[in-house]
$ cat data.txt   # compact mmCIF, C-alpha atoms
# COMPACT_ATOMS: atom_id res chain seq x y z
CA MET A 25 -4.16 7.84 34.80
CA GLU A 26 -5.06 9.89 31.74
CA GLU A 27 -1.58 9.51 30.31
CA GLN A 28 -1.64 5.78 30.88
CA VAL A 29 -4.92 5.52 29.00
CA GLU A 30 -3.42 7.43 26.09
CA VAL A 31 -0.27 5.30 26.07
CA VAL A 32 -2.25 2.06 26.13
CA SER A 33 -4.62 3.29 23.42
CA LYS A 34 -1.90 4.42 21.03
CA ALA A 35 -0.01 1.17 21.54
CA PHE A 36 -3.17 -0.83 20.97
CA VAL A 37 -4.09 1.06 17.79
CA GLU A 38 -0.63 0.61 16.30
CA HIS A 39 -0.63 -3.07 17.18
CA TYR A 40 -4.16 -3.71 15.93
CA TYR A 41 -3.77 -2.13 12.50
CA SER A 42 -0.28 -3.51 11.99
CA LEU A 43 -1.64 -7.01 12.65
CA PHE A 44 -4.61 -6.32 10.40
CA ASP A 45 -2.38 -5.20 7.53
CA ASN A 46 0.36 -7.81 7.91
CA ASP A 47 -0.96 -10.86 9.74
CA ARG A 48 -4.74 -10.69 9.87
CA SER A 49 -5.27 -14.15 11.37
CA SER A 50 -3.32 -13.06 14.46
CA LEU A 51 -6.06 -10.57 15.32
CA SER A 52 -7.75 -13.48 17.07
CA SER A 53 -5.34 -12.96 19.98
CA LEU A 54 -7.10 -9.66 20.71
CA TYR A 55 -10.64 -11.03 21.04
CA HIS A 56 -12.35 -13.33 23.56
CA PRO A 57 -15.41 -15.59 23.37
CA THR A 58 -17.53 -12.69 24.68
CA SER A 59 -16.22 -10.13 22.17
CA MET A 60 -18.59 -8.39 19.79
CA LEU A 61 -17.90 -6.88 16.38
CA THR A 62 -20.34 -4.84 14.33
CA PHE A 63 -18.86 -4.54 10.84
CA GLU A 64 -20.80 -2.23 8.52
CA GLY A 65 -23.96 -3.07 10.43
CA GLN A 66 -23.39 -6.83 10.59
CA LYS A 67 -23.22 -8.16 14.18
CA ILE A 68 -20.73 -10.91 14.99
CA VAL A 69 -20.09 -12.46 18.42
CA GLY A 70 -17.09 -14.44 19.69
CA VAL A 71 -13.43 -14.70 18.72
CA ASP A 72 -13.92 -17.57 16.25
CA GLU A 73 -16.72 -15.86 14.33
CA ILE A 74 -14.93 -12.51 14.38
CA SER A 75 -11.69 -14.05 13.11
CA ALA A 76 -13.60 -15.78 10.32
CA LYS A 77 -15.32 -12.54 9.31
CA LEU A 78 -12.06 -10.57 9.16
CA ARG A 79 -10.26 -13.39 7.37
CA ASP A 80 -13.00 -13.61 4.74
CA LEU A 81 -13.19 -9.90 3.89
CA PRO A 82 -13.05 -9.56 0.09
CA PHE A 83 -9.44 -8.40 -0.16
CA ASP A 84 -6.07 -9.95 0.56
CA LYS A 85 -3.92 -6.96 1.25
CA CYS A 86 -4.80 -3.63 2.75
CA GLN A 87 -3.17 -0.72 4.50
CA HIS A 88 -4.71 1.41 7.21
CA HIS A 89 -3.62 5.03 7.64
CA ILE A 90 -4.69 6.47 10.98
CA SER A 91 -5.72 10.13 11.15
CA THR A 92 -7.08 10.51 14.71
CA VAL A 93 -7.06 8.47 17.91
CA ASP A 94 -9.17 9.59 20.88
CA SER A 95 -9.42 7.61 24.12
CA GLN A 96 -11.07 7.87 27.51
CA PRO A 97 -11.04 5.73 30.65
CA SER A 98 -14.35 3.97 31.10
CA SER A 99 -16.14 1.89 33.74
CA SER A 100 -14.54 -1.15 35.38
CA ALA A 101 -10.99 -0.15 34.31
CA GLY A 102 -11.94 -0.33 30.64
CA ILE A 103 -10.86 2.08 27.90
CA VAL A 104 -12.87 3.40 24.96
CA VAL A 105 -10.88 4.21 21.82
CA PHE A 106 -12.19 6.10 18.79
CA VAL A 107 -10.20 5.97 15.57
CA SER A 108 -10.61 7.62 12.19
CA GLY A 109 -8.48 7.06 9.13
CA SER A 110 -8.36 5.69 5.63
CA LEU A 111 -8.05 2.21 4.21
CA GLN A 112 -6.04 1.57 1.04
CA LEU A 113 -6.90 -1.52 -0.97
CA PRO A 114 -4.49 -2.69 -3.70
CA GLU A 115 -5.47 -1.60 -7.20
CA GLU A 116 -8.06 0.78 -5.82
CA GLU A 117 -7.32 4.36 -6.79
CA HIS A 118 -9.19 5.99 -3.95
CA HIS A 119 -8.80 5.31 -0.25
CA LEU A 120 -11.86 4.39 1.79
CA ARG A 121 -12.40 6.55 4.84
CA PHE A 122 -13.47 4.80 8.05
CA SER A 123 -14.27 5.30 11.73
CA GLN A 124 -13.91 2.57 14.34
CA MET A 125 -14.47 2.34 18.07
CA PHE A 126 -13.03 -0.19 20.50
CA HIS A 127 -13.92 -0.95 24.13
CA LEU A 128 -10.81 -2.49 25.70
CA VAL A 129 -11.19 -4.51 28.88
CA PRO A 130 -8.34 -5.69 31.14
CA SER A 131 -7.49 -9.37 30.74
CA PRO A 132 -6.44 -11.59 33.67
CA ALA A 133 -2.96 -11.74 32.13
CA GLY A 134 -2.54 -7.99 32.70
CA SER A 135 -3.07 -6.75 29.16
CA PHE A 136 -6.25 -5.73 27.31
CA PHE A 137 -8.61 -7.48 24.96
CA VAL A 138 -11.30 -6.09 22.65
CA GLN A 139 -14.71 -6.56 24.26
CA ASN A 140 -16.51 -4.32 21.74
CA ASP A 141 -15.55 -3.31 18.19
CA ILE A 142 -17.69 -1.24 15.81
CA PHE A 143 -16.47 -0.41 12.28
CA ARG A 144 -18.08 1.93 9.74
CA LEU A 145 -16.91 3.24 6.39
CA ASN A 146 -17.41 6.99 6.01
CA TYR A 147 -18.93 7.62 2.62
CA GLY A 148 -18.37 11.01 1.00
CA MET B 28 -36.75 -2.11 25.87
CA ASP B 29 -34.36 -4.04 23.66
CA PRO B 30 -30.81 -2.63 23.27
CA ASP B 31 -31.35 -1.46 19.69
CA GLY B 32 -34.58 0.28 20.66
CA LEU B 33 -32.85 1.90 23.61
CA ALA B 34 -29.96 3.14 21.46
CA LYS B 35 -32.30 4.59 18.86
CA ALA B 36 -34.40 6.31 21.53
CA PHE B 37 -31.28 7.80 23.12
CA VAL B 38 -29.91 9.02 19.78
CA GLU B 39 -33.21 10.68 18.83
CA HIS B 40 -33.46 12.33 22.24
CA TYR B 41 -29.82 13.46 22.27
CA TYR B 42 -29.77 15.11 18.85
CA SER B 43 -33.22 16.63 19.09
CA THR B 44 -32.21 18.20 22.43
CA PHE B 45 -28.91 19.33 20.88
CA ASP B 46 -30.74 20.95 17.95
CA THR B 47 -33.56 22.63 19.89
CA ASN B 48 -32.46 23.10 23.52
CA ARG B 49 -28.71 22.59 23.83
CA GLY B 50 -28.62 23.60 27.51
CA GLY B 51 -30.97 20.72 28.24
CA LEU B 52 -28.18 18.24 27.46
CA GLY B 53 -26.87 18.72 31.02
CA SER B 54 -29.31 16.15 32.39
CA LEU B 55 -27.64 13.46 30.27
CA TYR B 56 -24.21 13.90 31.87
CA GLN B 57 -22.84 13.54 35.41
CA ASP B 58 -19.68 14.64 37.24
CA ALA B 59 -17.81 11.58 36.00
CA SER B 60 -18.79 12.14 32.37
CA MET B 61 -16.10 12.82 29.78
CA LEU B 62 -16.41 14.49 26.39
CA THR B 63 -13.66 14.62 23.77
CA PHE B 64 -14.77 17.14 21.17
CA GLU B 65 -12.50 17.35 18.12
CA GLY B 66 -9.60 16.29 20.32
CA GLN B 67 -10.39 18.64 23.23
CA LYS B 68 -11.00 16.81 26.54
CA ILE B 69 -13.70 18.07 28.89
CA GLN B 70 -14.88 16.50 32.16
CA GLY B 71 -18.06 16.88 34.16
CA SER B 72 -21.62 17.83 33.27
CA GLN B 73 -21.21 21.58 33.85
CA ASN B 74 -18.03 21.91 31.79
CA ILE B 75 -19.50 19.77 29.03
CA VAL B 76 -22.66 21.87 28.81
CA THR B 77 -20.54 25.04 28.78
CA LYS B 78 -18.54 23.65 25.88
CA LEU B 79 -21.60 22.60 23.90
CA THR B 80 -23.53 25.82 24.48
CA THR B 81 -20.56 27.97 23.45
CA LEU B 82 -19.84 26.24 20.14
CA PRO B 83 -19.49 28.86 17.39
CA PHE B 84 -22.95 28.48 15.89
CA GLN B 85 -26.48 29.25 17.05
CA GLN B 86 -28.60 26.88 15.06
CA CYS B 87 -27.74 23.45 13.80
CA GLN B 88 -29.46 20.32 12.60
CA HIS B 89 -28.15 16.77 12.90
CA SER B 90 -29.21 14.15 10.35
CA ILE B 91 -28.36 10.62 11.44
CA SER B 92 -27.18 8.08 8.85
CA THR B 93 -26.17 5.06 10.96
CA VAL B 94 -26.62 3.92 14.58
CA ASP B 95 -24.77 0.84 15.88
CA CYS B 96 -24.94 -0.39 19.46
CA GLN B 97 -23.52 -3.13 21.65
CA PRO B 98 -23.83 -3.96 25.36
CA SER B 99 -20.49 -3.15 27.02
CA GLY B 100 -20.39 -5.62 29.90
CA PRO B 101 -21.82 -6.85 33.22
CA ALA B 102 -22.32 -3.31 34.56
CA GLY B 103 -25.20 -2.89 32.10
CA GLY B 104 -23.53 -0.24 29.92
CA MET B 105 -24.34 0.39 26.26
CA LEU B 106 -22.01 1.57 23.52
CA VAL B 107 -23.60 3.62 20.73
CA PHE B 108 -21.78 4.57 17.52
CA VAL B 109 -23.38 7.20 15.30
CA SER B 110 -22.55 8.71 11.94
CA GLY B 111 -24.38 11.49 10.21
CA ASN B 112 -24.42 15.06 8.95
CA LEU B 113 -24.44 18.37 10.74
CA GLN B 114 -26.02 21.33 8.96
CA LEU B 115 -25.10 24.74 10.29
CA ALA B 116 -27.35 27.71 9.58
CA GLY B 117 -26.01 29.78 6.73
CA GLU B 118 -23.57 27.13 5.54
CA GLN B 119 -24.05 25.68 2.08
CA HIS B 120 -22.45 22.28 2.78
CA SER B 121 -23.22 20.04 5.72
CA LEU B 122 -20.40 18.60 7.84
CA LYS B 123 -20.04 14.85 8.21
CA PHE B 124 -19.42 13.52 11.71
CA SER B 125 -19.00 10.36 13.78
CA GLN B 126 -19.72 10.14 17.49
CA MET B 127 -19.56 7.42 20.11
CA PHE B 128 -21.38 7.29 23.45
CA HIS B 129 -20.93 4.91 26.38
CA LEU B 130 -24.20 4.96 28.32
CA MET B 131 -24.34 3.72 31.89
CA PRO B 132 -27.49 2.85 33.88
CA THR B 133 -28.63 5.17 36.67
CA PRO B 134 -30.26 3.94 39.92
CA GLN B 135 -33.50 5.52 38.68
CA GLY B 136 -33.61 3.13 35.74
CA SER B 137 -32.50 5.44 32.95
CA PHE B 138 -29.05 6.08 31.40
CA TYR B 139 -26.41 8.80 31.50
CA VAL B 140 -23.49 9.45 29.17
CA LEU B 141 -20.22 8.36 30.78
CA ASN B 142 -18.05 8.67 27.65
CA ASP B 143 -18.70 10.86 24.61
CA ILE B 144 -16.28 11.29 21.70
CA PHE B 145 -17.09 13.49 18.70
CA ARG B 146 -15.14 13.86 15.45
CA LEU B 147 -15.88 15.59 12.18
CA ASN B 148 -15.17 13.40 9.16
CA TYR B 149 -13.15 15.43 6.70
CA ALA B 150 -12.98 14.24 3.11

$ encode --input "data.txt" --output "structure tokens"
Amino acid sequence: MEEQVEVVSKAFVEHYYSLFDNDRSSLSSLYHPTSMLTFEGQKIVGVDEISAKLRDLPFDKCQHHISTVDSQPSSSAGIVVFVSGSLQLPEEEHHLRFSQMFHLVPSPAGSFFVQNDIFRLNYG
Amino acid sequence: MDPDGLAKAFVEHYYSTFDTNRGGLGSLYQDASMLTFEGQKIQGSQNIVTKLTTLPFQQCQHSISTVDCQPSGPAGGMLVFVSGNLQLAGEQHSLKFSQMFHLMPTPQGSFYVLNDIFRLNYA
């Protein structure tokens, strides 16, 4: 069970950040109407609002570099995932460091969606 | 209590207990609880308390910078995401950390920590 949680989490993290960096609008496939995102303290609810927020972030291109991924099984067959890494914006000399947590919940189709998402930059 | 108030109350209680009476943290965990501490996985209240009380420092002080929370679903759980600084006695520079908790309601009307993940934030 533990291994499965790790496998799912690593696959999710790779998929999430690859979509974010290459095809940000497709992130909407990972959220549902009940999903919640807190982005640098701003609370956003629902796939449409979340997609709009991520689409309207003040940069076109970015690249995430993942340093750590921790995961644990949670209640009701959910998984909590805790990520740390850095975010490279074009023309910015210094990377931004960030931490992010996801609560993944099984979807009826047999995969997972993001029920909860909290993102924070880590300032030096 | 509203979710934000609950999260803040939990965070204050957790870190003040950690900083003044680390053994007292046991009451916040149960057998099903899981802690991942800097990548090391520990399960169950007793093992978690053992880990936390044998960390290689006597005194420490947490200073909290940010607390974010969200309800996690119909079971009444609460996700709490914390960032802050950890000052160890005798160390000149404080360590930056992030930590997430998944709190679940108890029959008695309070909360316990089901999931706990801690990471230092290196520069």

$ closest_residue --input "data.txt" --among "B:Leu130, B:Leu52, B:Leu82, B:Val109" --to "Phe64 of chain B" --atoms "only C-alpha atoms"
B:Leu82

$ closest_atom_pairs --input "data.txt" --of "chain B" --to "chain A" --cutoff "7 Å" --atoms "all atoms listed in the file" --output "JSON lines"
{"residue": "B:Gly66", "atom": "CA", "partner": "A:Asp94", "partner_atom": "CA", "distance": 6.7}
{"residue": "B:Asp95", "atom": "CA", "partner": "A:Gly65", "partner_atom": "CA", "distance": 6.8}
{"residue": "B:Ser99", "atom": "CA", "partner": "A:Asn140", "partner_atom": "CA", "distance": 6.7}
{"residue": "B:Asn142", "atom": "CA", "partner": "A:Ser98", "partner_atom": "CA", "distance": 6.9}
{"residue": "B:Ala150", "atom": "CA", "partner": "A:Gly148", "partner_atom": "CA", "distance": 6.6}

$ atom_distance --input "data.txt" --atom1 "atom CA of Cys87 of chain B" --atom2 "atom CA of Ala34 of chain B"
21.8 Å

$ residues_around --input "data.txt" --residues "Gly32 of chain B" --least-positions-apart "5" --cutoff "12 Å" --atoms "only C-alpha atoms" --output "mmCIF file with C-alpha atoms, keeping the file's coordinate frame"
data_model
loop_
_atom_site.group_PDB
_atom_site.id
_atom_site.type_symbol
_atom_site.label_atom_id
_atom_site.label_comp_id
_atom_site.auth_asym_id
_atom_site.auth_seq_id
_atom_site.Cartn_x
_atom_site.Cartn_y
_atom_site.Cartn_z
ATOM 1 C CA PHE B 37 -31.280 7.800 23.120
ATOM 2 C CA VAL B 38 -29.910 9.020 19.780
ATOM 3 C CA GLU B 39 -33.210 10.680 18.830
ATOM 4 C CA VAL B 94 -26.620 3.920 14.580
ATOM 5 C CA ASP B 95 -24.770 0.840 15.880
ATOM 6 C CA CYS B 96 -24.940 -0.390 19.460
ATOM 7 C CA GLN B 97 -23.520 -3.130 21.650
ATOM 8 C CA MET B 105 -24.340 0.390 26.260
ATOM 9 C CA VAL B 107 -23.600 3.620 20.730
#

$ atom_distance --input "data.txt" --atom1 "atom CA of Glu73 of chain A" --atom2 "atom CA of Arg48 of chain A"
13.8 Å

$ atom_distance --input "data.txt" --atom1 "atom CA of Phe128 of chain B" --atom2 "atom CA of Gly104 of chain B"
10.2 Å

$ residues_around --input "data.txt" --residues "Asp47 of chain A" --least-positions-apart "2" --cutoff "12 Å" --atoms "all atoms listed in the file" --output "PyMOL selection string"
chain A and resi 39-45+49-53+75+78-79+84-87

$ residues_near_point --input "data.txt" --point "(-14.0, 17.7, 30.7)" --cutoff "12 Å" --atoms "only C-alpha atoms" --output "NGL selection string"
(:A and (26 or 96)) or (:B and (56-64 or 66-79 or 141-144))

$ build_atoms --input "data.txt" --residues "segment 103-126 of chain A" --atoms "N, CA and C atoms" --output "short mmCIF file (atom, residue, chain, number, x, y, z; two decimals), in the frame of the given file"
data_model
loop_
_atom_site.label_atom_id
_atom_site.label_comp_id
_atom_site.auth_asym_id
_atom_site.auth_seq_id
_atom_site.Cartn_x
_atom_site.Cartn_y
_atom_site.Cartn_z
N ILE A 103 -11.27 0.90 28.69
CA ILE A 103 -10.86 2.08 27.90
C ILE A 103 -11.69 2.09 26.62
N VAL A 104 -12.22 3.27 26.26
CA VAL A 104 -12.87 3.40 24.96
C VAL A 104 -11.92 4.15 24.03
N VAL A 105 -11.80 3.66 22.81
CA VAL A 105 -10.88 4.21 21.82
C VAL A 105 -11.65 4.49 20.55
N PHE A 106 -11.46 5.67 19.97
CA PHE A 106 -12.19 6.10 18.79
C PHE A 106 -11.18 6.48 17.73
N VAL A 107 -11.23 5.82 16.60
CA VAL A 107 -10.20 5.97 15.57
C VAL A 107 -10.84 6.44 14.28
N SER A 108 -10.19 7.34 13.56
CA SER A 108 -10.61 7.62 12.19
C SER A 108 -9.39 7.54 11.30
N GLY A 109 -9.60 7.18 10.05
CA GLY A 109 -8.48 7.06 9.13
C GLY A 109 -8.94 6.65 7.76
N SER A 110 -8.00 6.16 6.96
CA SER A 110 -8.36 5.69 5.63
C SER A 110 -7.76 4.31 5.39
N LEU A 111 -8.39 3.60 4.49
CA LEU A 111 -8.05 2.21 4.21
C LEU A 111 -7.72 2.11 2.73
N GLN A 112 -6.49 1.68 2.42
CA GLN A 112 -6.04 1.57 1.04
C GLN A 112 -6.11 0.11 0.63
N LEU A 113 -6.87 -0.16 -0.43
CA LEU A 113 -6.90 -1.52 -0.97
C LEU A 113 -6.07 -1.54 -2.24
N PRO A 114 -5.33 -2.64 -2.50
CA PRO A 114 -4.49 -2.69 -3.70
C PRO A 114 -5.33 -2.53 -4.96
N GLU A 115 -4.81 -1.83 -5.91
CA GLU A 115 -5.47 -1.60 -7.20
C GLU A 115 -6.67 -0.68 -7.10
N GLU A 116 -7.00 -0.22 -5.93
CA GLU A 116 -8.06 0.78 -5.82
C GLU A 116 -7.41 2.15 -5.83
N GLU A 117 -7.94 3.04 -6.68
CA GLU A 117 -7.32 4.36 -6.79
C GLU A 117 -7.59 5.20 -5.56
N HIS A 118 -8.82 5.12 -5.06
CA HIS A 118 -9.19 5.99 -3.95
C HIS A 118 -9.23 5.22 -2.64
N HIS A 119 -8.72 5.89 -1.58
CA HIS A 119 -8.80 5.31 -0.25
C HIS A 119 -10.25 5.31 0.21
N LEU A 120 -10.57 4.37 1.10
CA LEU A 120 -11.86 4.39 1.79
C LEU A 120 -11.65 5.03 3.15
N ARG A 121 -12.53 5.97 3.51
CA ARG A 121 -12.40 6.55 4.84
C ARG A 121 -13.25 5.73 5.83
N PHE A 122 -12.74 5.60 7.07
CA PHE A 122 -13.47 4.80 8.05
C PHE A 122 -13.39 5.41 9.44
N SER A 123 -14.33 5.03 10.30
CA SER A 123 -14.27 5.30 11.73
C SER A 123 -14.46 3.97 12.45
N GLN A 124 -13.81 3.82 13.59
CA GLN A 124 -13.91 2.57 14.34
C GLN A 124 -13.80 2.87 15.82
N MET A 125 -14.62 2.19 16.64
CA MET A 125 -14.47 2.34 18.07
C MET A 125 -14.20 0.99 18.72
N PHE A 126 -13.36 1.00 19.74
CA PHE A 126 -13.03 -0.19 20.50
C PHE A 126 -13.33 0.05 21.97
#
